[in-house]
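The file structure.txt comes next; it holds compact mmCIF, C-alpha atoms.
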# COMPACT_ATOMS: atom_id res chain seq x y z
CA GLY A 1 10.61 -7.40 7.56
CA ALA A 2 9.41 -4.60 9.80
CA VAL A 3 6.01 -5.01 11.45
CA VAL A 4 3.22 -2.45 11.52
CA SER A 5 0.15 -3.10 13.63
CA GLN A 6 -3.25 -1.46 13.70
CA HIS A 7 -5.89 -1.40 16.37
CA PRO A 8 -8.71 -2.15 16.26
CA SER A 9 -8.95 -4.55 13.34
CA ARG A 10 -12.69 -3.99 13.12
CA VAL A 11 -14.94 -1.36 14.61
CA ILE A 12 -18.63 -0.61 14.35
CA CYS A 13 -19.84 2.77 15.49
CA LYS A 14 -23.03 4.76 15.33
CA SER A 15 -23.48 7.69 13.02
CA GLY A 16 -22.32 10.92 14.61
CA THR A 17 -19.76 9.38 16.92
CA SER A 18 -15.98 9.49 16.61
CA VAL A 19 -13.62 6.58 16.32
CA LYS A 20 -9.86 6.41 16.76
CA ILE A 21 -7.59 4.03 14.88
CA GLU A 22 -4.03 3.40 16.05
CA CYS A 23 -1.07 2.53 13.88
CA ARG A 24 2.14 1.31 15.49
CA SER A 25 5.55 0.40 14.16
CA LEU A 26 6.52 -2.48 16.42
CA ASP A 27 10.22 -2.97 15.85
CA PHE A 28 11.41 0.20 14.20
CA GLN A 29 11.00 3.94 14.41
CA ALA A 30 8.87 5.53 11.75
CA THR A 31 9.42 9.20 11.09
CA THR A 32 6.86 9.11 8.31
CA MET A 33 3.54 7.30 8.28
CA PHE A 34 0.79 7.26 5.70
CA TRP A 35 -2.95 6.73 5.95
CA TYR A 36 -4.95 5.13 3.15
CA ARG A 37 -8.61 4.35 2.62
CA GLN A 38 -9.97 1.55 0.47
CA PHE A 39 -13.58 1.09 -0.59
CA PRO A 40 -14.84 -2.32 -1.70
CA LYS A 41 -13.35 -3.50 -5.00
CA GLN A 42 -11.33 -0.31 -5.34
CA SER A 43 -7.67 0.49 -4.99
CA LEU A 44 -6.03 2.19 -2.03
CA MET A 45 -6.35 5.95 -1.92
CA LEU A 46 -3.86 7.99 0.05
CA MET A 47 -5.52 10.25 2.58
CA ALA A 48 -2.58 11.91 4.31
CA THR A 49 1.11 11.82 5.08
CA SER A 50 2.10 12.11 8.71
CA ASN A 51 5.51 13.18 9.96
CA GLU A 52 6.43 12.77 13.60
CA GLY A 53 6.06 15.98 15.53
CA SER A 54 4.47 17.99 12.75
CA LYS A 55 1.08 18.48 11.15
CA ALA A 56 -0.12 15.95 8.64
CA THR A 57 -0.28 16.74 4.94
CA TYR A 58 -3.66 15.86 3.50
CA GLU A 59 -4.41 14.85 -0.06
CA GLN A 60 -6.77 16.95 -2.11
CA GLY A 61 -10.38 16.32 -1.21
CA VAL A 62 -9.68 14.86 2.24
CA GLU A 63 -11.19 16.91 5.05
CA LYS A 64 -8.54 17.53 7.66
CA ASP A 65 -11.10 18.51 10.29
CA LYS A 66 -12.96 15.27 9.82
CA PHE A 67 -9.95 12.96 9.69
CA LEU A 68 -7.67 14.01 12.51
CA ILE A 69 -4.17 12.61 12.40
CA ASN A 70 -1.71 12.68 15.25
CA HIS A 71 1.85 11.41 15.01
CA ALA A 72 3.13 12.17 18.47
CA SER A 73 5.89 9.57 18.64
CA LEU A 74 8.17 7.66 16.34
CA THR A 75 6.15 4.48 16.78
CA LEU A 76 2.55 5.68 16.92
CA SER A 77 0.19 7.52 14.62
CA THR A 78 -3.54 7.81 15.16
CA LEU A 79 -6.41 8.57 12.82
CA THR A 80 -9.62 9.84 14.35
CA VAL A 81 -12.73 9.85 12.21
CA THR A 82 -14.91 12.54 13.72
CA SER A 83 -18.69 12.64 13.44
CA ALA A 84 -18.67 9.48 11.40
CA HIS A 85 -21.32 8.84 8.77
CA PRO A 86 -22.20 5.66 6.87
CA GLU A 87 -20.26 6.89 3.82
CA ASP A 88 -17.11 6.82 5.98
CA SER A 89 -17.44 3.06 6.23
CA SER A 90 -14.28 1.74 4.63
CA PHE A 91 -11.04 -0.17 5.10
CA TYR A 92 -8.42 2.13 6.62
CA ILE A 93 -4.78 1.15 6.22
CA CYS A 94 -1.66 2.79 7.57
CA SER A 95 1.90 2.36 6.44
CA ALA A 96 5.27 3.41 7.74
CA ARG A 97 8.61 4.08 6.19
CA GLY A 98 10.83 1.14 7.11
CA VAL A 99 14.37 0.86 8.32
CA SER A 100 15.48 0.75 4.70
CA ALA A 101 14.98 4.06 2.99
CA TYR A 102 13.34 2.31 0.06
CA GLU A 103 10.78 0.18 1.86
CA GLN A 104 7.37 1.02 3.18
CA TYR A 105 5.46 -1.42 5.36
CA PHE A 106 1.72 -1.62 5.71
CA GLY A 107 -0.51 -2.44 8.63
CA PRO A 108 -3.22 -5.11 8.41
CA GLY A 109 -5.98 -2.54 8.08
CA THR A 110 -9.02 -1.51 10.13
CA ARG A 111 -12.49 -2.12 8.84
CA LEU A 112 -14.82 0.66 9.94
CA THR A 113 -18.58 0.25 9.71
CA VAL A 114 -20.77 3.21 10.57
CA THR A 115 -24.40 2.37 11.22
CA ASP B 116 4.88 10.08 -10.37
CA ALA B 117 4.59 8.20 -13.68
CA LYS B 118 1.42 6.23 -14.27
CA THR B 119 1.46 2.48 -14.77
CA THR B 120 -0.71 0.17 -16.84
CA GLN B 121 -1.39 -3.40 -15.79
CA PRO B 122 -3.81 -6.02 -17.06
CA PRO B 123 -6.84 -6.10 -14.76
CA SER B 124 -6.68 -9.82 -14.16
CA MET B 125 -4.86 -13.01 -15.00
CA ASP B 126 -4.96 -16.65 -14.06
CA CYS B 127 -1.99 -18.90 -13.55
CA ALA B 128 -1.46 -22.52 -12.68
CA GLU B 129 -0.18 -23.63 -9.33
CA GLY B 130 3.49 -24.58 -9.49
CA ARG B 131 4.13 -22.67 -12.68
CA ALA B 132 5.86 -19.32 -13.03
CA ALA B 133 3.59 -16.30 -13.06
CA ASN B 134 4.74 -13.36 -15.20
CA LEU B 135 3.02 -10.09 -14.39
CA PRO B 136 3.58 -7.26 -16.86
CA CYS B 137 3.58 -3.55 -16.17
CA ASN B 138 3.94 -0.64 -18.56
CA HIS B 139 5.38 2.64 -17.34
CA SER B 140 6.30 4.39 -20.56
CA THR B 141 6.54 7.85 -18.99
CA ILE B 142 8.92 6.84 -16.21
CA SER B 143 11.66 9.33 -15.51
CA GLY B 144 15.27 8.69 -14.64
CA ASN B 145 14.88 9.08 -10.89
CA GLU B 146 11.78 6.92 -10.53
CA TYR B 147 11.93 3.44 -9.07
CA VAL B 148 9.61 0.55 -9.93
CA TYR B 149 7.94 -1.01 -6.89
CA TRP B 150 5.73 -4.06 -6.61
CA TYR B 151 3.28 -4.71 -3.81
CA ARG B 152 0.53 -7.23 -3.42
CA GLN B 153 -2.65 -7.25 -1.40
CA ILE B 154 -4.30 -10.44 -0.30
CA HIS B 155 -8.01 -10.08 0.33
CA SER B 156 -8.86 -7.92 3.35
CA GLN B 157 -5.23 -7.43 4.34
CA GLY B 158 -2.76 -4.57 4.05
CA PRO B 159 -0.42 -4.48 1.05
CA GLN B 160 2.79 -6.47 1.24
CA TYR B 161 6.06 -5.22 -0.21
CA ILE B 162 7.52 -7.58 -2.81
CA ILE B 163 10.44 -5.99 -4.58
CA HIS B 164 11.71 -2.78 -6.15
CA GLY B 165 14.32 -1.73 -8.70
CA LEU B 166 15.70 1.20 -10.64
CA LYS B 167 17.21 -0.23 -13.82
CA ASN B 168 18.89 -3.51 -13.00
CA ASN B 169 17.03 -6.77 -12.64
CA GLU B 170 16.41 -7.71 -9.04
CA THR B 171 15.68 -10.96 -7.24
CA ASN B 172 14.73 -11.78 -3.69
CA GLU B 173 13.12 -14.67 -1.87
CA MET B 174 9.68 -13.74 -3.13
CA ALA B 175 10.13 -12.79 -6.75
CA SER B 176 12.24 -11.47 -9.58
CA LEU B 177 11.87 -8.10 -11.24
CA ILE B 178 12.88 -7.70 -14.86
CA ILE B 179 13.12 -4.12 -16.12
CA THR B 180 13.57 -3.46 -19.82
CA GLU B 181 16.62 -1.56 -20.95
CA ASP B 182 14.56 1.53 -21.84
CA ARG B 183 12.77 1.18 -18.45
CA LYS B 184 9.39 1.64 -20.07
CA SER B 185 8.10 -1.69 -18.85
CA SER B 186 8.81 -4.36 -16.31
CA THR B 187 7.76 -7.88 -15.40
CA LEU B 188 7.32 -9.37 -11.97
CA ILE B 189 8.02 -13.08 -11.92
CA LEU B 190 6.72 -15.39 -9.23
CA PRO B 191 8.84 -18.46 -9.94
CA HIS B 192 6.55 -21.14 -8.55
CA ALA B 193 3.08 -19.81 -7.91
CA THR B 194 1.12 -21.23 -5.00
CA LEU B 195 -2.52 -20.82 -4.05
CA ARG B 196 -1.40 -18.35 -1.38
CA ASP B 197 -0.09 -16.06 -4.10
CA THR B 198 -3.66 -15.25 -5.13
CA ALA B 199 -3.86 -11.49 -4.62
CA VAL B 200 -4.01 -8.13 -6.33
CA TYR B 201 -0.54 -7.11 -7.50
CA TYR B 202 0.30 -3.44 -7.80
CA CYS B 203 3.07 -1.99 -9.92
CA ILE B 204 4.00 1.51 -8.77
CA VAL B 205 6.64 3.96 -9.90
CA ARG B 206 7.88 6.50 -7.44
CA VAL B 207 10.60 9.08 -7.14
CA GLY B 208 13.37 8.16 -4.75
CA ALA B 209 13.08 6.83 -1.27
CA ALA B 210 10.27 5.52 0.90
CA GLY B 211 9.51 8.89 2.37
CA ASN B 212 7.67 9.70 -0.80
CA LYS B 213 4.11 8.55 -1.09
CA LEU B 214 2.95 5.50 -3.01
CA THR B 215 0.11 5.99 -5.48
CA PHE B 216 -1.82 2.81 -6.15
CA GLY B 217 -3.46 2.11 -9.49
CA GLY B 218 -5.88 -0.66 -10.31
CA GLY B 219 -3.39 -3.51 -10.11
CA THR B 220 -3.69 -7.01 -11.54
CA ARG B 221 -5.95 -9.49 -9.84
CA VAL B 222 -4.05 -12.79 -9.98
CA LEU B 223 -5.86 -16.03 -9.39
CA VAL B 224 -3.68 -19.09 -8.91
CA LYS B 225 -5.57 -22.21 -9.83
CA PRO B 226 -4.78 -25.77 -8.74
As a first step, turn the structure in this file into structure tokens.
Amino acid sequence: GAVVSQHPSRVICKSGTSVKIECRSLDFQATTMFWYRQFPKQSLMLMATSNEGSKATYEQGVEKDKFLINHASLTLSTLTVTSAHPEDSSFYICSARGVSAYEQYFGPGTRLTVT
Amino acid sequence: DAKTTQPPSMDCAEGRAANLPCNHSTISGNEYVYWYRQIHSQGPQYIIHGLKNNETNEMASLIITEDRKSSTLILPHATLRDTAVYYCIVRVGAAGNKLTFGGGTRVLVKP
């Protein structure tokens, strides 16, 4: 199947700083990418839908000015957590629409810890 | 998208078939049934999807009832590596539409 990578896999940052997470589709072009967040022992929650070349669509309750999403190319989307706080510590996962119109592939996730 | 109901957890024996049920009684005609699984601390992995016919691939089989109000994911020969949370999701149309994850079923495969 198609491969989606994320970088970094783990990141620790200090409160008040910003951190960028990259999501790449390695062997296919992804016109649509999705960003999820998962807290311990909870399910994945969709944060936003990102379409290449246009502004992301955020889910209700997700602050677009805090979670900046850029989808500048067909193989790369980035999520920047601005002015991070300890409550932003979570597992962030991206996914991309695959070569088949009915498949969606997920990255391995990025564990963010804000101290 | 229609909501799904899954048992929160289940155990199964290594080497035996694992049958994972999912209820989606409010599914509409244009909604597909998708199954994903998430092994601890990893991203979800696509397993299989279907509309109304039963489907089989190298990972699993998907059995959808005739009224489409429920389905069963079958792992034919469970291994320890199949221990994961399994999510049943119904979604309109193609992959461009978002996936909404529920609680899933935590499956523990025991030796």
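The shortest atom-to-atom distance to Leu46 (chain A), with all atoms listed in the file taken into account, belongs to A:Ser95 out of A:Thr115, A:Ser95, A:Thr110, A:Ser18.
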For this session: Tell me which protein, DNA and RNA residues are within 10 Å of region 69-83 of chain A, counting all atoms listed in the file, leaving out same-chain ones fewer than 3 positions away, and put them as a PyMOL selection string.
Result: chain A and resi 4-7+14-35+48-58+64-66+88+92+94-96+112
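One distance worth recording is that between CA of Arg206 (chain B) and CA of Ile93 (chain A), which is 19.4 Å.
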Exercise. Could you list as number ranges by chain every residue that has an atom within 9 Å of (-2.0, -20.2, -9.7), using the file's coordinates and counting all atoms listed in the file?
Worked result: B: 126-133, 192-198, 222-226
For this session: Skip region 154-158 of chain B itself and residues of its chain fewer than 5 positions away, then list as a list of chain:residue names all residues within 6 Å of it, counting all atoms listed in the file.
Result: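 Non-adjacent residues within range: A:Phe106, A:Gly107, A:Pro108, A:Gly109, B:Ala199.
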Contacts of Asn134 (chain B) within 10 Å, all atoms listed in the file, excl. fewer than 5 positions in-chain, as an mmCIF file with C-alpha atoms, in the frame of the given file:
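What ended up in around_17.cif:
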data_model
loop_
_atom_site.group_PDB
_atom_site.id
_atom_site.type_symbol
_atom_site.label_atom_id
_atom_site.label_comp_id
_atom_site.auth_asym_id
_atom_site.auth_seq_id
_atom_site.Cartn_x
_atom_site.Cartn_y
_atom_site.Cartn_z
ATOM 1 C CA MET B 125 -4.860 -13.010 -15.000
ATOM 2 C CA CYS B 127 -1.990 -18.900 -13.550
ATOM 3 C CA SER B 176 12.240 -11.470 -9.580
ATOM 4 C CA LEU B 177 11.870 -8.100 -11.240
ATOM 5 C CA ILE B 178 12.880 -7.700 -14.860
ATOM 6 C CA SER B 186 8.810 -4.360 -16.310
ATOM 7 C CA THR B 187 7.760 -7.880 -15.400
ATOM 8 C CA LEU B 188 7.320 -9.370 -11.970
ATOM 9 C CA ILE B 189 8.020 -13.080 -11.920
ATOM 10 C CA LEU B 190 6.720 -15.390 -9.230
ATOM 11 C CA PRO B 191 8.840 -18.460 -9.940
ATOM 12 C CA ALA B 193 3.080 -19.810 -7.910
#
Please reconstruct the missing atoms of region 44-65 of chain A (target: N, CA, C and O atoms) and return them as a PDB file, keeping the file's coordinate frame.
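Printed below is rebuild_14.pdb as written:
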ATOM      1  N   LEU A  44      -6.317   1.345  -3.190  1.00  0.00           N
ATOM      2  CA  LEU A  44      -6.030   2.190  -2.030  1.00  0.00           C
ATOM      3  C   LEU A  44      -5.917   3.645  -2.472  1.00  0.00           C
ATOM      4  O   LEU A  44      -5.302   3.947  -3.500  1.00  0.00           O
ATOM      5  N   MET A  45      -6.474   4.526  -1.665  1.00  0.00           N
ATOM      6  CA  MET A  45      -6.350   5.950  -1.920  1.00  0.00           C
ATOM      7  C   MET A  45      -5.663   6.610  -0.733  1.00  0.00           C
ATOM      8  O   MET A  45      -6.094   6.453   0.415  1.00  0.00           O
ATOM      9  N   LEU A  46      -4.590   7.315  -1.007  1.00  0.00           N
ATOM     10  CA  LEU A  46      -3.860   7.990   0.050  1.00  0.00           C
ATOM     11  C   LEU A  46      -4.691   9.134   0.608  1.00  0.00           C
ATOM     12  O   LEU A  46      -5.223   9.947  -0.148  1.00  0.00           O
ATOM     13  N   MET A  47      -4.785   9.169   1.931  1.00  0.00           N
ATOM     14  CA  MET A  47      -5.520  10.250   2.580  1.00  0.00           C
ATOM     15  C   MET A  47      -4.563  11.350   3.063  1.00  0.00           C
ATOM     16  O   MET A  47      -4.825  12.530   2.874  1.00  0.00           O
ATOM     17  N   ALA A  48      -3.479  10.921   3.718  1.00  0.00           N
ATOM     18  CA  ALA A  48      -2.580  11.910   4.310  1.00  0.00           C
ATOM     19  C   ALA A  48      -1.235  11.294   4.613  1.00  0.00           C
ATOM     20  O   ALA A  48      -1.102  10.076   4.760  1.00  0.00           O
ATOM     21  N   THR A  49      -0.256  12.181   4.693  1.00  0.00           N
ATOM     22  CA  THR A  49       1.110  11.820   5.080  1.00  0.00           C
ATOM     23  C   THR A  49       1.387  12.458   6.422  1.00  0.00           C
ATOM     24  O   THR A  49       1.136  13.661   6.618  1.00  0.00           O
ATOM     25  N   SER A  50       1.908  11.649   7.342  1.00  0.00           N
ATOM     26  CA  SER A  50       2.100  12.110   8.710  1.00  0.00           C
ATOM     27  C   SER A  50       3.578  12.034   9.084  1.00  0.00           C
ATOM     28  O   SER A  50       4.190  10.987   8.970  1.00  0.00           O
ATOM     29  N   ASN A  51       4.130  13.145   9.497  1.00  0.00           N
ATOM     30  CA  ASN A  51       5.510  13.180   9.960  1.00  0.00           C
ATOM     31  C   ASN A  51       5.542  13.432  11.461  1.00  0.00           C
ATOM     32  O   ASN A  51       4.814  14.298  11.957  1.00  0.00           O
ATOM     33  N   GLU A  52       6.356  12.688  12.153  1.00  0.00           N
ATOM     34  CA  GLU A  52       6.430  12.770  13.600  1.00  0.00           C
ATOM     35  C   GLU A  52       6.715  14.198  14.053  1.00  0.00           C
ATOM     36  O   GLU A  52       7.645  14.836  13.559  1.00  0.00           O
ATOM     37  N   GLY A  53       5.861  14.666  14.943  1.00  0.00           N
ATOM     38  CA  GLY A  53       6.060  15.980  15.530  1.00  0.00           C
ATOM     39  C   GLY A  53       5.565  17.149  14.703  1.00  0.00           C
ATOM     40  O   GLY A  53       5.730  18.301  15.109  1.00  0.00           O
ATOM     41  N   SER A  54       4.976  16.881  13.561  1.00  0.00           N
ATOM     42  CA  SER A  54       4.470  17.990  12.750  1.00  0.00           C
ATOM     43  C   SER A  54       3.074  17.674  12.235  1.00  0.00           C
ATOM     44  O   SER A  54       2.592  16.555  12.363  1.00  0.00           O
ATOM     45  N   LYS A  55       2.451  18.669  11.650  1.00  0.00           N
ATOM     46  CA  LYS A  55       1.080  18.480  11.150  1.00  0.00           C
ATOM     47  C   LYS A  55       1.086  17.584   9.916  1.00  0.00           C
ATOM     48  O   LYS A  55       2.017  17.589   9.109  1.00  0.00           O
ATOM     49  N   ALA A  56       0.006  16.837   9.789  1.00  0.00           N
ATOM     50  CA  ALA A  56      -0.120  15.950   8.640  1.00  0.00           C
ATOM     51  C   ALA A  56      -0.392  16.739   7.367  1.00  0.00           C
ATOM     52  O   ALA A  56      -0.963  17.831   7.407  1.00  0.00           O
ATOM     53  N   THR A  57       0.014  16.168   6.252  1.00  0.00           N
ATOM     54  CA  THR A  57      -0.280  16.740   4.940  1.00  0.00           C
ATOM     55  C   THR A  57      -1.383  15.921   4.309  1.00  0.00           C
ATOM     56  O   THR A  57      -1.222  14.725   4.088  1.00  0.00           O
ATOM     57  N   TYR A  58      -2.502  16.558   4.017  1.00  0.00           N
ATOM     58  CA  TYR A  58      -3.660  15.860   3.500  1.00  0.00           C
ATOM     59  C   TYR A  58      -3.714  15.924   1.975  1.00  0.00           C
ATOM     60  O   TYR A  58      -3.344  16.932   1.369  1.00  0.00           O
ATOM     61  N   GLU A  59      -4.207  14.860   1.387  1.00  0.00           N
ATOM     62  CA  GLU A  59      -4.410  14.850  -0.060  1.00  0.00           C
ATOM     63  C   GLU A  59      -5.633  15.699  -0.414  1.00  0.00           C
ATOM     64  O   GLU A  59      -6.524  15.941   0.418  1.00  0.00           O
ATOM     65  N   GLN A  60      -5.662  16.117  -1.645  1.00  0.00           N
ATOM     66  CA  GLN A  60      -6.770  16.950  -2.110  1.00  0.00           C
ATOM     67  C   GLN A  60      -8.083  16.207  -1.944  1.00  0.00           C
ATOM     68  O   GLN A  60      -8.201  15.023  -2.297  1.00  0.00           O
ATOM     69  N   GLY A  61      -9.061  16.902  -1.386  1.00  0.00           N
ATOM     70  CA  GLY A  61     -10.380  16.320  -1.210  1.00  0.00           C
ATOM     71  C   GLY A  61     -10.588  15.620   0.120  1.00  0.00           C
ATOM     72  O   GLY A  61     -11.711  15.200   0.419  1.00  0.00           O
ATOM     73  N   VAL A  62      -9.557  15.485   0.924  1.00  0.00           N
ATOM     74  CA  VAL A  62      -9.680  14.860   2.240  1.00  0.00           C
ATOM     75  C   VAL A  62      -9.832  15.948   3.288  1.00  0.00           C
ATOM     76  O   VAL A  62      -8.994  16.848   3.389  1.00  0.00           O
ATOM     77  N   GLU A  63     -10.895  15.872   4.064  1.00  0.00           N
ATOM     78  CA  GLU A  63     -11.190  16.910   5.050  1.00  0.00           C
ATOM     79  C   GLU A  63     -10.324  16.737   6.286  1.00  0.00           C
ATOM     80  O   GLU A  63     -10.495  15.779   7.055  1.00  0.00           O
ATOM     81  N   LYS A  64      -9.454  17.657   6.528  1.00  0.00           N
ATOM     82  CA  LYS A  64      -8.540  17.530   7.660  1.00  0.00           C
ATOM     83  C   LYS A  64      -9.251  17.669   9.000  1.00  0.00           C
ATOM     84  O   LYS A  64      -8.780  17.146  10.010  1.00  0.00           O
ATOM     85  N   ASP A  65     -10.373  18.374   9.029  1.00  0.00           N
ATOM     86  CA  ASP A  65     -11.100  18.510  10.290  1.00  0.00           C
ATOM     87  C   ASP A  65     -11.954  17.293  10.599  1.00  0.00           C
ATOM     88  O   ASP A  65     -12.421  17.128  11.728  1.00  0.00           O
TER      89      ASP A  65
END
